[in-house]
>>> print(open('work.cif').read())   # mmCIF, C-alpha atoms, pLDDT in the B column; chains and numbers go by the auth columns
data_my_file
#
loop_
_atom_site.group_PDB
_atom_site.id
_atom_site.type_symbol
_atom_site.label_atom_id
_atom_site.label_comp_id
_atom_site.label_asym_id
_atom_site.label_seq_id
_atom_site.Cartn_x
_atom_site.Cartn_y
_atom_site.Cartn_z
_atom_site.B_iso_or_equiv
_atom_site.auth_seq_id
_atom_site.auth_asym_id
ATOM 1 C CA GLU A 1 -12.743 8.254 -10.961 89.00 1 A
ATOM 2 C CA VAL A 2 -11.075 6.348 -13.785 93.00 2 A
ATOM 3 C CA LEU A 3 -11.729 2.821 -12.535 97.00 3 A
ATOM 4 C CA LEU A 4 -15.142 3.213 -10.921 98.00 4 A
ATOM 5 C CA ASP A 5 -18.060 2.479 -13.273 98.00 5 A
ATOM 6 C CA GLN A 6 -21.205 4.312 -12.202 98.00 6 A
ATOM 7 C CA ALA A 7 -23.624 2.689 -14.652 98.00 7 A
ATOM 8 C CA ALA A 8 -22.415 -0.840 -13.902 98.00 8 A
ATOM 9 C CA SER A 9 -22.501 -0.112 -10.154 98.00 9 A
ATOM 10 C CA GLN A 10 -26.088 1.132 -10.405 98.00 10 A
ATOM 11 C CA VAL A 11 -27.175 -1.982 -12.304 98.00 11 A
ATOM 12 C CA ALA A 12 -25.348 -4.382 -9.972 98.00 12 A
ATOM 13 C CA GLY A 13 -26.164 -2.535 -6.743 98.00 13 A
ATOM 14 C CA GLU A 14 -22.525 -2.821 -5.722 98.00 14 A
ATOM 15 C CA VAL A 15 -19.213 -1.317 -6.760 98.00 15 A
ATOM 16 C CA LYS A 16 -18.083 -2.254 -10.235 98.00 16 A
ATOM 17 C CA CYS A 17 -14.886 -1.252 -11.988 98.00 17 A
ATOM 18 C CA ASP A 18 -13.993 -0.800 -15.638 98.00 18 A
ATOM 19 C CA PHE A 19 -10.350 -1.729 -16.227 98.00 19 A
ATOM 20 C CA THR A 20 -10.167 -0.635 -19.878 98.00 20 A
ATOM 21 C CA LYS A 21 -7.920 2.397 -19.287 97.00 21 A
ATOM 22 C CA MET A 22 -5.876 0.669 -16.601 98.00 22 A
ATOM 23 C CA ASP A 23 -5.186 -2.224 -18.963 98.00 23 A
ATOM 24 C CA LEU A 24 -3.887 0.152 -21.644 98.00 24 A
ATOM 25 C CA TYR A 25 -1.365 1.680 -19.249 97.00 25 A
ATOM 26 C CA CYS A 26 -0.389 -1.665 -17.765 98.00 26 A
ATOM 27 C CA GLN A 27 0.117 -3.217 -21.182 98.00 27 A
ATOM 28 C CA TYR A 28 2.344 -0.305 -22.199 98.00 28 A
ATOM 29 C CA ALA A 29 4.361 -0.708 -18.999 98.00 29 A
ATOM 30 C CA LYS A 30 4.752 -4.461 -19.555 97.00 30 A
ATOM 31 C CA GLU A 31 5.848 -3.973 -23.165 97.00 31 A
ATOM 32 C CA ASN A 32 8.446 -1.408 -22.120 98.00 32 A
ATOM 33 C CA GLY A 33 9.861 -3.081 -19.011 98.00 33 A
ATOM 34 C CA LEU A 34 8.370 -0.539 -16.612 98.00 34 A
ATOM 35 C CA LYS A 35 7.028 -1.035 -13.104 98.00 35 A
ATOM 36 C CA MET A 36 3.807 0.573 -11.874 98.00 36 A
ATOM 37 C CA ARG A 37 2.754 2.443 -8.755 97.00 37 A
ATOM 38 C CA GLY A 38 -1.014 2.568 -8.332 97.00 38 A
ATOM 39 C CA HIS A 39 -2.603 5.867 -7.323 96.00 39 A
ATOM 40 C CA THR A 40 -5.113 5.959 -5.444 96.00 40 A
ATOM 41 C CA PHE A 41 -8.212 4.538 -3.719 98.00 41 A
ATOM 42 C CA VAL A 42 -9.049 7.334 -1.268 98.00 42 A
ATOM 43 C CA TRP A 43 -8.714 10.867 -2.621 97.00 43 A
ATOM 44 C CA HIS A 44 -11.147 13.637 -1.838 95.00 44 A
ATOM 45 C CA SER A 45 -10.864 15.298 -5.231 93.00 45 A
ATOM 46 C CA GLN A 46 -10.896 12.219 -7.457 95.00 46 A
ATOM 47 C CA THR A 47 -13.516 9.961 -5.914 97.00 47 A
ATOM 48 C CA PRO A 48 -16.746 10.715 -7.791 97.00 48 A
ATOM 49 C CA ALA A 49 -19.591 12.251 -5.778 97.00 49 A
ATOM 50 C CA TRP A 50 -21.928 9.376 -6.705 98.00 50 A
ATOM 51 C CA PHE A 51 -19.648 6.892 -4.902 98.00 51 A
ATOM 52 C CA PHE A 52 -20.833 8.387 -1.583 98.00 52 A
ATOM 53 C CA LYS A 53 -24.547 8.363 -2.445 98.00 53 A
ATOM 54 C CA GLU A 54 -27.485 5.970 -2.227 98.00 54 A
ATOM 55 C CA GLY A 55 -28.017 4.071 -5.464 98.00 55 A
ATOM 56 C CA PHE A 56 -24.688 5.365 -6.786 98.00 56 A
ATOM 57 C CA ASP A 57 -26.673 8.438 -7.826 98.00 57 A
ATOM 58 C CA ALA A 58 -25.015 11.842 -7.429 96.00 58 A
ATOM 59 C CA ASN A 59 -28.392 13.238 -6.357 97.00 59 A
ATOM 60 C CA GLY A 60 -28.991 10.533 -3.740 98.00 60 A
ATOM 61 C CA ALA A 61 -28.633 10.855 0.004 98.00 61 A
ATOM 62 C CA ASP A 62 -25.277 10.169 1.640 98.00 62 A
ATOM 63 C CA VAL A 63 -24.699 6.526 2.534 98.00 63 A
ATOM 64 C CA THR A 64 -23.639 5.410 5.996 98.00 64 A
ATOM 65 C CA LYS A 65 -20.042 4.772 6.963 97.00 65 A
ATOM 66 C CA GLU A 66 -20.896 1.052 7.108 98.00 66 A
ATOM 67 C CA THR A 67 -21.962 1.204 3.452 98.00 67 A
ATOM 68 C CA MET A 68 -18.778 3.087 2.613 98.00 68 A
ATOM 69 C CA ASP A 69 -16.752 0.348 4.295 98.00 69 A
ATOM 70 C CA ILE A 70 -18.411 -2.193 2.010 98.00 70 A
ATOM 71 C CA ARG A 71 -17.914 -0.036 -1.072 98.00 71 A
ATOM 72 C CA LEU A 72 -14.273 0.664 -0.296 98.00 72 A
ATOM 73 C CA GLN A 73 -13.569 -3.002 0.314 98.00 73 A
ATOM 74 C CA GLN A 74 -15.360 -3.997 -2.926 98.00 74 A
ATOM 75 C CA PHE A 75 -13.344 -1.403 -4.847 98.00 75 A
ATOM 76 C CA MET A 76 -10.017 -2.580 -3.452 98.00 76 A
ATOM 77 C CA ASP A 77 -10.858 -6.260 -3.826 98.00 77 A
ATOM 78 C CA GLN A 78 -11.674 -5.797 -7.524 98.00 78 A
ATOM 79 C CA VAL A 79 -8.551 -3.768 -8.273 98.00 79 A
ATOM 80 C CA PHE A 80 -6.156 -6.085 -6.460 98.00 80 A
ATOM 81 C CA ASP A 81 -7.874 -9.176 -7.905 98.00 81 A
ATOM 82 C CA HIS A 82 -7.405 -7.681 -11.380 98.00 82 A
ATOM 83 C CA ILE A 83 -3.750 -7.024 -10.623 98.00 83 A
ATOM 84 C CA LYS A 84 -3.256 -10.550 -9.272 98.00 84 A
ATOM 85 C CA GLU A 85 -4.907 -12.115 -12.334 98.00 85 A
ATOM 86 C CA ASN A 86 -3.241 -9.960 -14.979 98.00 86 A
ATOM 87 C CA TYR A 87 -0.242 -8.055 -13.646 98.00 87 A
ATOM 88 C CA SER A 88 1.251 -10.063 -10.797 94.00 88 A
ATOM 89 C CA ASP A 89 4.797 -8.758 -11.379 95.00 89 A
ATOM 90 C CA LEU A 90 4.008 -5.253 -12.606 98.00 90 A
ATOM 91 C CA PHE A 91 3.025 -3.262 -9.510 98.00 91 A
ATOM 92 C CA TYR A 92 5.564 -2.501 -6.798 98.00 92 A
ATOM 93 C CA ALA A 93 3.447 -0.029 -4.775 98.00 93 A
ATOM 94 C CA TYR A 94 -0.012 1.421 -4.378 98.00 94 A
ATOM 95 C CA ASP A 95 -0.990 4.731 -2.795 98.00 95 A
ATOM 96 C CA VAL A 96 -3.983 3.802 -0.654 98.00 96 A
ATOM 97 C CA CYS A 97 -4.883 7.289 0.611 98.00 97 A
ATOM 98 C CA ASN A 98 -3.899 10.591 -0.923 97.00 98 A
ATOM 99 C CA GLU A 99 -3.879 14.110 0.520 96.00 99 A
ATOM 100 C CA VAL A 100 -6.083 13.374 3.539 97.00 100 A
ATOM 101 C CA VAL A 101 -4.235 15.899 5.710 96.00 101 A
ATOM 102 C CA SER A 102 -4.366 18.482 2.941 92.00 102 A
ATOM 103 C CA ALA A 103 -8.140 18.031 2.499 93.00 103 A
ATOM 104 C CA GLY A 104 -8.896 18.088 6.204 90.00 104 A
ATOM 105 C CA THR A 105 -12.554 18.033 7.168 94.00 105 A
ATOM 106 C CA SER A 106 -13.741 19.248 3.740 95.00 106 A
ATOM 107 C CA SER A 107 -13.350 15.768 2.249 96.00 107 A
ATOM 108 C CA PRO A 108 -16.475 13.752 1.386 97.00 108 A
ATOM 109 C CA TRP A 109 -14.743 10.842 3.105 98.00 109 A
ATOM 110 C CA TYR A 110 -14.643 12.863 6.325 97.00 110 A
ATOM 111 C CA ARG A 111 -18.264 13.955 5.796 97.00 111 A
ATOM 112 C CA ILE A 112 -19.429 10.332 5.679 97.00 112 A
ATOM 113 C CA TYR A 113 -17.261 8.989 8.504 98.00 113 A
ATOM 114 C CA GLY A 114 -17.266 12.059 10.736 97.00 114 A
ATOM 115 C CA ASP A 115 -13.603 11.447 11.553 97.00 115 A
ATOM 116 C CA TYR A 116 -10.421 10.024 10.006 97.00 116 A
ATOM 117 C CA SER A 117 -11.149 6.366 10.813 97.00 117 A
ATOM 118 C CA TYR A 118 -11.544 5.690 7.095 98.00 118 A
ATOM 119 C CA VAL A 119 -7.760 5.963 6.696 98.00 119 A
ATOM 120 C CA THR A 120 -7.078 3.093 9.082 98.00 120 A
ATOM 121 C CA LYS A 121 -9.868 1.047 7.465 98.00 121 A
ATOM 122 C CA ALA A 122 -8.565 1.760 3.977 98.00 122 A
ATOM 123 C CA PHE A 123 -5.138 0.406 4.860 98.00 123 A
ATOM 124 C CA GLU A 124 -6.683 -2.618 6.567 98.00 124 A
ATOM 125 C CA PHE A 125 -8.805 -3.399 3.493 98.00 125 A
ATOM 126 C CA ALA A 126 -5.871 -2.775 1.144 98.00 126 A
ATOM 127 C CA ARG A 127 -3.530 -5.053 3.104 98.00 127 A
ATOM 128 C CA LYS A 128 -6.108 -7.840 3.009 98.00 128 A
ATOM 129 C CA ALA A 129 -6.936 -7.345 -0.686 98.00 129 A
ATOM 130 C CA SER A 130 -3.277 -7.123 -1.754 98.00 130 A
ATOM 131 C CA ALA A 131 -2.157 -10.177 0.232 98.00 131 A
ATOM 132 C CA GLY A 132 0.358 -12.264 -1.642 96.00 132 A
ATOM 133 C CA THR A 133 1.260 -9.559 -4.174 97.00 133 A
ATOM 134 C CA GLY A 134 4.267 -8.003 -2.457 97.00 134 A
ATOM 135 C CA ILE A 135 2.821 -4.584 -3.312 98.00 135 A
ATOM 136 C CA LYS A 136 3.902 -1.912 -0.825 98.00 136 A
ATOM 137 C CA LEU A 137 1.100 0.275 0.536 98.00 137 A
ATOM 138 C CA TYR A 138 1.590 4.020 0.963 98.00 138 A
ATOM 139 C CA TYR A 139 -0.031 7.168 2.228 98.00 139 A
ATOM 140 C CA ASN A 140 0.726 10.079 -0.107 97.00 140 A
ATOM 141 C CA ASP A 141 0.560 13.844 0.396 96.00 141 A
ATOM 142 C CA TYR A 142 2.170 17.003 -0.900 93.00 142 A
ATOM 143 C CA ASN A 143 4.289 19.727 0.657 89.00 143 A
ATOM 144 C CA CYS A 144 5.000 17.609 3.708 89.00 144 A
ATOM 145 C CA TYR A 145 7.604 20.188 4.722 86.00 145 A
ATOM 146 C CA ASP A 146 4.830 22.691 5.595 87.00 146 A
ATOM 147 C CA GLU A 147 4.968 23.451 9.308 91.00 147 A
ATOM 148 C CA GLY A 148 3.300 20.713 11.327 95.00 148 A
ATOM 149 C CA LYS A 149 2.143 18.705 8.307 95.00 149 A
ATOM 150 C CA ALA A 150 4.542 15.779 8.716 95.00 150 A
ATOM 151 C CA GLU A 151 3.475 15.414 12.341 96.00 151 A
ATOM 152 C CA LYS A 152 -0.208 15.364 11.295 97.00 152 A
ATOM 153 C CA ILE A 153 0.510 12.695 8.686 97.00 153 A
ATOM 154 C CA LEU A 154 2.373 10.532 11.196 97.00 154 A
ATOM 155 C CA ALA A 155 -0.522 10.813 13.661 97.00 155 A
ATOM 156 C CA LEU A 156 -3.030 10.027 10.899 97.00 156 A
ATOM 157 C CA VAL A 157 -1.327 6.768 9.903 98.00 157 A
ATOM 158 C CA ALA A 158 -0.233 5.678 13.398 98.00 158 A
ATOM 159 C CA ASP A 159 -2.967 3.044 13.784 98.00 159 A
ATOM 160 C CA ALA A 160 -2.317 1.641 10.295 98.00 160 A
ATOM 161 C CA LYS A 161 1.390 1.462 11.138 98.00 161 A
ATOM 162 C CA ALA A 162 0.728 -0.250 14.475 98.00 162 A
ATOM 163 C CA ALA A 163 -1.378 -2.853 12.662 98.00 163 A
ATOM 164 C CA GLY A 164 1.350 -3.425 10.065 98.00 164 A
ATOM 165 C CA ASN A 165 -0.868 -2.236 7.213 98.00 165 A
ATOM 166 C CA ILE A 166 1.229 0.640 5.833 98.00 166 A
ATOM 167 C CA ASP A 167 4.687 0.429 4.309 98.00 167 A
ATOM 168 C CA GLY A 168 5.553 4.088 3.887 97.00 168 A
ATOM 169 C CA ILE A 169 4.667 7.674 3.133 97.00 169 A
ATOM 170 C CA GLY A 170 5.001 9.176 -0.327 94.00 170 A
ATOM 171 C CA MET A 171 5.929 12.837 -0.393 92.00 171 A
ATOM 172 C CA GLN A 172 5.319 14.943 -3.463 88.00 172 A
ATOM 173 C CA SER A 173 5.698 18.689 -3.842 84.00 173 A
ATOM 174 C CA HIS A 174 3.870 21.412 -5.663 82.00 174 A
ATOM 175 C CA VAL A 175 6.689 23.823 -6.348 83.00 175 A
ATOM 176 C CA ASN A 176 7.542 26.630 -8.734 86.00 176 A
ATOM 177 C CA THR A 177 10.120 29.391 -8.922 88.00 177 A
ATOM 178 C CA GLU A 178 8.347 31.396 -6.212 86.00 178 A
ATOM 179 C CA PHE A 179 7.262 28.721 -3.749 80.00 179 A
ATOM 180 C CA PRO A 180 8.679 27.456 -1.513 79.00 180 A
ATOM 181 C CA THR A 181 11.505 29.810 -0.811 78.00 181 A
ATOM 182 C CA ILE A 182 14.996 28.425 -1.100 75.00 182 A
#
>>> encode(input="work.cif", output="structure tokens")
Amino acid sequence: EVLLDQAASQVAGEVKCDFTKMDLYCQYAKENGLKMRGHTFVWHSQTPAWFFKEGFDANGADVTKETMDIRLQQFMDQVFDHIKENYSDLFYAYDVCNEVVSAGTSSPWYRIYGDYSYVTKAFEFARKASAGTGIKLYYNDYNCYDEGKAEKILALVADAKAAGNIDGIGMQSHVNTEFPTI
């Protein structure tokens, strides 16, 4: 939602990004000797609704999965091209997909594709777009210790792993003093 530019996409008729905020963070990281981990291209709760719609209009009809393939590839190509041109040594990793297992079938990504094939495609597109950068590509999710969740994640990324398009799984947790139990 931060990089995607709705107005520019509507004018161009294709995905357009605005790197203003990204550049601020990247410049800060460069000035302070930090490395960056990008987060994320595919996330049910952070991809704007208009990204899935005809004319990049939130009130438009859903696009086809073929159109989503094009949009996802355009998005990744622009981001990785920007990284290659401006921050070739700054990024060490990028989370390609986030919380797919947690979202399940309620995700707009799932609604468009009708299955989880978008995960495999996302990693394929990301591997191609990031070629030559050395950036590691990850799937990320939270509370992976929940019963059966790790197994679902491994099944979800199996095709991407077989194709050599994923480097690892990031595991975060949403914890407090009451959950999970010790």
>>> resolve_selection(input="work.cif", expression="the PyMOL selection byres ((chain A and resi 157) around 8)", output="JSON list (two decimals) with C-alpha atoms, keeping the file's coordinate frame")
[["chain", "number", "residue", "atom", "x", "y", "z"],
["A", 119, "VAL", "CA", -7.76, 5.96, 6.70],
["A", 120, "THR", "CA", -7.08, 3.09, 9.08],
["A", 139, "TYR", "CA", -0.03, 7.17, 2.23],
["A", 153, "ILE", "CA", 0.51, 12.70, 8.69],
["A", 154, "LEU", "CA", 2.37, 10.53, 11.20],
["A", 155, "ALA", "CA", -0.52, 10.81, 13.66],
["A", 156, "LEU", "CA", -3.03, 10.03, 10.90],
["A", 158, "ALA", "CA", -0.23, 5.68, 13.40],
["A", 159, "ASP", "CA", -2.97, 3.04, 13.78],
["A", 160, "ALA", "CA", -2.32, 1.64, 10.30],
["A", 161, "LYS", "CA", 1.39, 1.46, 11.14],
["A", 166, "ILE", "CA", 1.23, 0.64, 5.83]]
>>> residues_near_point(input="work.cif", point="(-11.7, -1.7, 9.1)", cutoff="12 Å", atoms="only C-alpha atoms", output="PyMOL selection string")
chain A and resi 65-66+68-70+72-73+116-128+159-160+163+165
>>> atom_distance(input="work.cif", atom1="CA of Val15 in chain A", atom2="CA of Phe51 in chain A")
8.4 Å
>>> residues_around(input="work.cif", residues="Gly38 in chain A", least_positions_apart="2", cutoff="7 Å", atoms="only C-alpha atoms", output="PyMOL selection string")
chain A and resi 36+40+93-95
>>> resolve_selection(input="work.cif", expression="the PyMOL selection byres ((chain A and resi 75) around 9)", output="PyMOL selection string")
chain A and resi 3-4+15-17+41+70-74+76-80
>>> atom_distance(input="work.cif", atom1="CA of Met171 in chain A", atom2="CA of Phe91 in chain A")
18.7 Å
>>> closest_residue(input="work.cif", among="A:Pro108, A:Gly132, A:Gly168, A:Gly148", to="Ala49 in chain A", atoms="all atoms listed in the file")
A:Pro108
>>> atom_distance(input="work.cif", atom1="CA of Gly60 in chain A", atom2="CA of Ser106 in chain A")
19.1 Å
>>> resolve_selection(input="work.cif", expression="the PyMOL selection byres ((chain A and resi 34) around 12)", output="compact mmCIF listing (two decimals) with C-alpha atoms, keeping the file's coordinate frame")
# COMPACT_ATOMS: atom_id res chain seq x y z
CA TYR A 25 -1.36 1.68 -19.25
CA CYS A 26 -0.39 -1.66 -17.76
CA GLN A 27 0.12 -3.22 -21.18
CA TYR A 28 2.34 -0.30 -22.20
CA ALA A 29 4.36 -0.71 -19.00
CA LYS A 30 4.75 -4.46 -19.56
CA GLU A 31 5.85 -3.97 -23.16
CA ASN A 32 8.45 -1.41 -22.12
CA GLY A 33 9.86 -3.08 -19.01
CA LYS A 35 7.03 -1.03 -13.10
CA MET A 36 3.81 0.57 -11.87
CA ARG A 37 2.75 2.44 -8.76
CA TYR A 87 -0.24 -8.06 -13.65
CA ASP A 89 4.80 -8.76 -11.38
CA LEU A 90 4.01 -5.25 -12.61
CA PHE A 91 3.02 -3.26 -9.51
CA TYR A 92 5.56 -2.50 -6.80
>>> residues_around(input="work.cif", residues="Ala103 in chain A", least_positions_apart="3", cutoff="10 Å", atoms="only C-alpha atoms", output="ChimeraX atom specification")
/A:43-45,98-100,106-110,141
>>> closest_residue(input="work.cif", among="A:Phe19, A:Thr181, A:Gln10, A:Arg111", to="Asp62 in chain A", atoms="all atoms listed in the file")
A:Arg111
>>> closest_residue(input="work.cif", among="A:Ile135, A:Ile83, A:Ala12, A:Val2", to="Thr47 in chain A", atoms="all atoms listed in the file")
A:Val2
